[in-house]
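S.K.: One structure follows; several queries about it will come next.
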Amino acid sequence: MNLEGKRVLITGGAQRIGRAFTESFLAEGAEVVVHYHRSRAEAEALSPFTVCANLADSDSVGRLWDEVGPIDILVNNASLFTRDRLQDATPERAALELQVNLLAPLDLIRQFAAQSKQGAVLNLLDRRIKAHDTSCIPYALSKLALAELTRLAALELAPQIRVNGVAPGPILPSPETSEAVFHERKGSIPMERIPAVQEVVNAGFFLLKNPSVTGQIIYVDGGQHMLGNGV
Ligand SMILES: NC(=O)c1ccc[n+]([C@@H]2O[C@H](COP(=O)([O-])OP(=O)(O)OC[C@H]3O[C@@H](n4cnc5c(N)ncnc54)[C@H](OP(=O)(O)O)[C@@H]3O)[C@@H](O)[C@H]2O)c1
C-alpha cells in the first residue's frame with residue numbers, strides 16, 4: 001500500500017509516539033486526521049484536520065467517527081497507562097483503562113470495517129503482552145486483549161482490511177519516570193539500547209505497506225519480549 005494520498009486517523013496523534021506517526025505519514029504525502037483529547041494546540045499545529053474526543057466516554061467514540069468521515073488507515077495509538085497493581089485495580093479504574101485501550105479501538109475498528117471496502121489498521125500494543133508485569137495489571141490486560149483483537153479482526157476482516165500491531169518496549173519515559181531511571185532499563189534489554197521512536201514508526205509502516213501482511217505483531221523492544229521479564 002502506497003501511503004501517498006491516503007486518509008489516516010491517528011488516535012492520540014499530537015504527542016510522543018503518535019506525533020511521530022503523524023509527522024511520518026505527512027512526510028509520505030498522506031492526509032492525517034489527528035485525534036486528540038487534551039493536546040488541541042499541538043494537534044492543530046500538525047494538521048488542518050483534527051478531532052477531539054475523550055475515548056473514556058464510549059458515546060464520544062461514535063461521535064468522533066461521524067466527524068472524521070471516510071478513511072483508508074486507522075492507527076489506534078491513544079492509550080492510558082497507570083501503574084495499578086492488583087489492590088489498586090478497582091472495577092472503576094480497570095474499566096477506564098480497558099475502555100480507552102481496548103473498547104475504543106474495538107469500536108473504531110468495527111466502524112471502520114462497516115464503512116470501508118479496503119484499508120488497514122495498526123494497533124499500538126506493548127512488549128508486556130509477553131511479560132507478566134504485575135505493576136500495571138489493567139494496562140497489561142488491555143494490551144493483551146488488543147493483541148488478540150488484532151488477530152481476530154485480521155481474520156474476520158480479510159480480504160478487505162488488514163489488521164496488524166506494533167509492540168514497543170520502553171521508548172519514551174512516562175511522566176512519573178525520570179530519564180535516568182528510564183535509561184537504566186537498557187540493562188534488561190538484550191540489545192542494550194532504548195529503541196528510537198522512529199523504529200516504532202518504521203515497523204508500523206512495514207506492516208501497513210505490504211498487502212499480504214495481516215494478523216502480525218512486530219516487537220520493537222531490543223529483544224526484551226523473549227525474556228518475558230516485567231519492568
Ligand atoms: N512510550 C513507550 O515507551 C511505550 C511503550 C510500550 C507501548 N507503548 C504504546 O505506544 C502507544 C503510544 O505511546 P505514548 O507513550 O506515546 O502514549 P501516551 O503519551 O501515554 O498517550 C498517547 C495519547 O493518548 C491520548 N489519550 C490518553 N487518554 C485519552 C483519553 N481518555 N481519550 C483520548 N485520548 C487519550 C493522549 O492524547 P492528548 O495528549 O490529546 O490528551 C496522549 O497524548 C500507546 O498505545 C502505548 O501503550 C508506548
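Residue names in the C-alpha cells use chain letters A, B, ... in the order shown, residue numbers from 1 in each chain, and ligand numbers from 1 in the order shown.
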Which residues are near ligand 1 - at most 6 Å, using only C-alpha atoms and all ligand atoms? Format: as a ChimeraX atom specification.

M.R.: /A:12,15-18,36-39,53-56,77-80,100,124-126,168-173

S.K.: Write down as a VMD selection string the residues belonging to segment 65-227 of chain A that are assigned alpha helix (DSSP H) by DSSP computed on the backbone.

M.R.: chain A and resid 65 to 68 91 to 98 104 to 115 137 to 157 179 to 184 197 to 209

S.K.: Which residues are close to Leu149 of chain A, i.e. within 12 Å by only C-alpha atoms, leaving aside same-chain residues fewer than 3 positions away? Reply as a PDB file with C-alpha atoms, in the first residue's frame.

M.R.:
```pdb
ATOM      1  CA  ASN A 101      -7.062   0.969  25.424  1.00  0.00           C
ATOM      2  CA  LEU A 102      -9.345  -1.814  24.206  1.00  0.00           C
ATOM      3  CA  LEU A 103     -13.010  -0.924  23.763  1.00  0.00           C
ATOM      4  CA  PRO A 105     -10.069   0.707  19.434  1.00  0.00           C
ATOM      5  CA  LEU A 106     -12.571  -2.145  19.062  1.00  0.00           C
ATOM      6  CA  ASP A 107     -15.371   0.289  18.276  1.00  0.00           C
ATOM      7  CA  ILE A 109     -12.183  -0.938  14.018  1.00  0.00           C
ATOM      8  CA  ARG A 110     -15.830  -2.014  13.908  1.00  0.00           C
ATOM      9  CA  VAL A 121      -5.458  -0.892  10.851  1.00  0.00           C
ATOM     10  CA  LEU A 122      -2.386  -0.563  13.048  1.00  0.00           C
ATOM     11  CA  ASN A 123      -2.723  -1.166  16.794  1.00  0.00           C
ATOM     12  CA  LEU A 124      -0.099   0.080  19.235  1.00  0.00           C
ATOM     13  CA  LEU A 125       0.484  -2.740  21.716  1.00  0.00           C
ATOM     14  CA  SER A 142      -5.924  -4.177  27.894  1.00  0.00           C
ATOM     15  CA  LYS A 143      -2.895  -4.636  25.622  1.00  0.00           C
ATOM     16  CA  LEU A 144      -3.084  -8.454  25.764  1.00  0.00           C
ATOM     17  CA  ALA A 145      -6.706  -8.293  24.688  1.00  0.00           C
ATOM     18  CA  LEU A 146      -5.885  -5.743  21.969  1.00  0.00           C
ATOM     19  CA  LEU A 152      -9.298 -11.875  15.413  1.00  0.00           C
ATOM     20  CA  ALA A 153     -10.054  -8.752  13.383  1.00  0.00           C
ATOM     21  CA  ALA A 154      -7.373  -9.668  10.820  1.00  0.00           C
ATOM     22  CA  LEU A 155      -9.142 -12.976  10.211  1.00  0.00           C
ATOM     23  CA  GLU A 156     -12.640 -11.532  10.324  1.00  0.00           C
ATOM     24  CA  LEU A 157     -11.934  -8.582   8.036  1.00  0.00           C
ATOM     25  CA  VAL A 163      -5.003  -5.537  10.891  1.00  0.00           C
ATOM     26  CA  ASN A 164      -1.525  -5.546  12.445  1.00  0.00           C
ATOM     27  CA  GLY A 165       0.213  -4.441  15.620  1.00  0.00           C
ATOM     28  CA  GLY A 215      -2.510 -10.521  11.822  1.00  0.00           C
ATOM     29  CA  GLN A 216       1.155  -9.795  12.561  1.00  0.00           C
ATOM     30  CA  ILE A 217       2.760  -8.222  15.596  1.00  0.00           C
TER      31      ILE A 217
END
```

S.K.: Using only C-alpha atoms, which of the listed residues (A:Ala94, A:Val181, A:Ile137, A:Val8) sits closest to Gly69 of chain A?

M.R.: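 The shortest atom-to-atom distance to Gly69 of chain A comes from A:Val8.
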
S.K.: What is the distance between atom CA of Arg193 of chain A and atom CA of Gln224 of chain A, in Å to one decimal?

M.R.: 10.4 Å

S.K.: From a DSSP calculation on the backbone, collect every residue of segment 5-230 of chain A in strand (DSSP E or B) and output the set as number ranges by chain.

M.R.: A: 7-10, 31-36, 50-52, 73-76, 119-124, 161-168, 217-220

S.K.: Enter the distance from atom CA of Gln118 of chain A to atom CA of Gln160 of chain A, in Å, rounded to one decimal.

M.R.: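 About the pair atom CA of Gln118 of chain A and atom CA of Gln160 of chain A: they are 4.5 Å apart.
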
S.K.: Tell me, as a list in words, which residues lie within 9 Å of Val213 of chain A, counting only C-alpha atoms; anything in the same chain fewer than 4 positions away does not count.

M.R.: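 Once the nearby chain positions are removed, what remains is Arg162, Val163, Asn164, Phe206, Leu207, Leu208 and Lys209 of chain A.
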
S.K.: May I have the selected residues written with N, CA, C and O atoms, as a PDB file, in the first residue's frame?

M.R.:
```
ATOM      1  N   ARG A 162      -6.691  -5.164   6.416  1.00  0.00           N
ATOM      2  CA  ARG A 162      -5.609  -5.822   7.149  1.00  0.00           C
ATOM      3  C   ARG A 162      -5.478  -5.194   8.542  1.00  0.00           C
ATOM      4  O   ARG A 162      -5.728  -3.986   8.702  1.00  0.00           O
ATOM      5  N   VAL A 163      -5.120  -6.025   9.509  1.00  0.00           N
ATOM      6  CA  VAL A 163      -5.003  -5.537  10.891  1.00  0.00           C
ATOM      7  C   VAL A 163      -3.697  -6.069  11.477  1.00  0.00           C
ATOM      8  O   VAL A 163      -3.481  -7.283  11.517  1.00  0.00           O
ATOM      9  N   ASN A 164      -2.825  -5.162  11.895  1.00  0.00           N
ATOM     10  CA  ASN A 164      -1.525  -5.546  12.445  1.00  0.00           C
ATOM     11  C   ASN A 164      -1.219  -4.745  13.703  1.00  0.00           C
ATOM     12  O   ASN A 164      -1.927  -3.778  14.024  1.00  0.00           O
ATOM     13  N   PHE A 206       6.082  -0.727   7.746  1.00  0.00           N
ATOM     14  CA  PHE A 206       6.293  -2.017   7.050  1.00  0.00           C
ATOM     15  C   PHE A 206       4.982  -2.808   7.035  1.00  0.00           C
ATOM     16  O   PHE A 206       4.568  -3.342   5.992  1.00  0.00           O
ATOM     17  N   LEU A 207       4.323  -2.865   8.179  1.00  0.00           N
ATOM     18  CA  LEU A 207       3.068  -3.633   8.283  1.00  0.00           C
ATOM     19  C   LEU A 207       1.977  -3.024   7.399  1.00  0.00           C
ATOM     20  O   LEU A 207       1.187  -3.745   6.783  1.00  0.00           O
ATOM     21  N   LEU A 208       1.935  -1.693   7.346  1.00  0.00           N
ATOM     22  CA  LEU A 208       0.882  -1.032   6.564  1.00  0.00           C
ATOM     23  C   LEU A 208       1.125  -1.151   5.061  1.00  0.00           C
ATOM     24  O   LEU A 208       0.180  -1.247   4.281  1.00  0.00           O
ATOM     25  N   LYS A 209       2.381  -1.158   4.673  1.00  0.00           N
ATOM     26  CA  LYS A 209       2.672  -1.039   3.232  1.00  0.00           C
ATOM     27  C   LYS A 209       2.614  -2.360   2.479  1.00  0.00           C
ATOM     28  O   LYS A 209       2.536  -2.365   1.255  1.00  0.00           O
TER      29      LYS A 209
END
```

S.K.: Excluding Pro190 of chain A and any residue of its chain fewer than 5 positions from it, enumerate the residues within 9 Å of it, using only C-alpha atoms, and give them as number ranges by chain.

M.R.: A: 221-224, 226-227

S.K.: Find the distance between atom CA of Ala131 of chain A and atom CA of His225 of chain A and write it in Å to one decimal.

M.R.: 6.8 Å

S.K.: Please provide the set of residues having any atom within 9 Å of Ser116 of chain A, restricted to only C-alpha atoms, with same-chain residues fewer than 3 positions apart removed, written as an NGL selection string.

M.R.: :A and (70-72 or 111-113 or 119 or 160-161)

S.K.: Between A:His132, A:Arg85, A:Arg63, A:Arg19, which is the closest to Gly228 of chain A once you count only C-alpha atoms?

M.R.: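 For Gly228 of chain A, the nearest of the given residues is A:His132.
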
S.K.: Could you give me, as a VMD selection string, the residues within 7 Å of segment 30-35 of chain A, counting only C-alpha atoms and dropping anything in the same chain fewer than 2 positions from it?

M.R.: chain A and resid 3 to 14 22 25 to 26 28 43 47 49 to 52

S.K.: Export N, CA and C atoms of the chosen residues as a CSV table (one decimal), in the first residue's frame?

M.R.:
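Written output follows (out_13.csv):
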```csv
chain,number,residue,atom,x,y,z
A,3,LEU,N,1.3,5.0,0.8
A,3,LEU,CA,0.7,5.9,1.8
A,3,LEU,C,0.3,7.3,1.2
A,4,GLU,N,0.9,7.6,0.0
A,4,GLU,CA,0.6,8.9,-0.5
A,4,GLU,C,-0.9,9.1,-0.9
A,5,GLY,N,-1.5,10.2,-0.4
A,5,GLY,CA,-2.9,10.4,-0.7
A,5,GLY,C,-3.9,9.7,0.1
A,6,LYS,N,-3.4,8.8,1.0
A,6,LYS,CA,-4.3,8.1,1.9
A,6,LYS,C,-4.7,9.0,3.0
A,7,ARG,N,-6.0,8.7,3.5
A,7,ARG,CA,-6.5,9.5,4.6
A,7,ARG,C,-6.4,8.6,5.9
A,8,VAL,N,-5.7,9.2,6.9
A,8,VAL,CA,-5.3,8.4,8.0
A,8,VAL,C,-5.9,9.0,9.3
A,9,LEU,N,-6.5,8.2,10.2
A,9,LEU,CA,-6.9,8.7,11.5
A,9,LEU,C,-5.9,8.1,12.5
A,10,ILE,N,-5.2,9.0,13.3
A,10,ILE,CA,-4.3,8.6,14.3
A,10,ILE,C,-4.9,9.0,15.7
A,11,THR,N,-5.2,8.1,16.5
A,11,THR,CA,-5.7,8.5,17.9
A,11,THR,C,-4.5,8.9,18.7
A,12,GLY,N,-4.7,10.0,19.5
A,12,GLY,CA,-3.6,10.5,20.3
A,12,GLY,C,-2.4,10.8,19.4
A,13,GLY,N,-2.7,11.4,18.3
A,13,GLY,CA,-1.7,11.7,17.3
A,13,GLY,C,-0.9,13.0,17.4
A,14,ALA,N,-1.1,13.7,18.6
A,14,ALA,CA,-0.5,15.0,18.7
A,14,ALA,C,0.8,15.0,19.5
A,22,THR,N,2.2,10.8,13.0
A,22,THR,CA,1.6,11.8,12.2
A,22,THR,C,2.6,12.5,11.3
A,25,PHE,N,3.6,10.1,8.4
A,25,PHE,CA,2.5,10.0,7.4
A,25,PHE,C,2.5,11.2,6.5
A,26,LEU,N,2.6,12.4,7.2
A,26,LEU,CA,2.6,13.6,6.4
A,26,LEU,C,3.7,13.7,5.4
A,28,GLU,N,5.1,11.3,4.0
A,28,GLU,CA,4.8,10.3,2.9
A,28,GLU,C,3.7,10.8,2.0
A,43,ALA,N,-2.1,19.4,18.2
A,43,ALA,CA,-2.8,18.7,17.1
A,43,ALA,C,-3.0,19.7,15.9
A,47,SER,N,-1.8,19.5,11.7
A,47,SER,CA,-2.7,19.2,10.6
A,47,SER,C,-3.9,20.1,10.6
A,49,PHE,N,-6.7,19.0,9.8
A,49,PHE,CA,-7.8,18.0,10.1
A,49,PHE,C,-7.5,17.5,11.5
A,50,THR,N,-8.4,17.9,12.5
A,50,THR,CA,-8.2,17.4,13.8
A,50,THR,C,-9.6,17.0,14.4
A,51,VAL,N,-9.6,16.2,15.4
A,51,VAL,CA,-10.9,15.8,16.0
A,51,VAL,C,-10.6,15.5,17.5
A,52,CYS,N,-11.5,16.0,18.3
A,52,CYS,CA,-11.3,15.9,19.8
A,52,CYS,C,-12.3,14.9,20.3
```

S.K.: Go through A:Met1, A:Val61, A:Glu42, A:Phe21 one by one, measure the shortest atom-to-atom distance of each to Asn202 of chain A using only C-alpha atoms, and give the residue with the smallest value.

M.R.: A:Phe21

S.K.: Which residue, A:Met191, A:Val197, A:Ala203, A:Ala89, has the smallest gap to Cys136 of chain A when you use only C-alpha atoms?

M.R.: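 For Cys136 of chain A, the nearest of the given residues is A:Ala89.
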
S.K.: Which of these, A:Leu64, A:Ala104, A:Ala114, A:Ala120, has the shortest distance to Pro159 of chain A once you count only C-alpha atoms?

M.R.: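 Looking at the shortest contact to Pro159 of chain A, the residue is A:Ala120.
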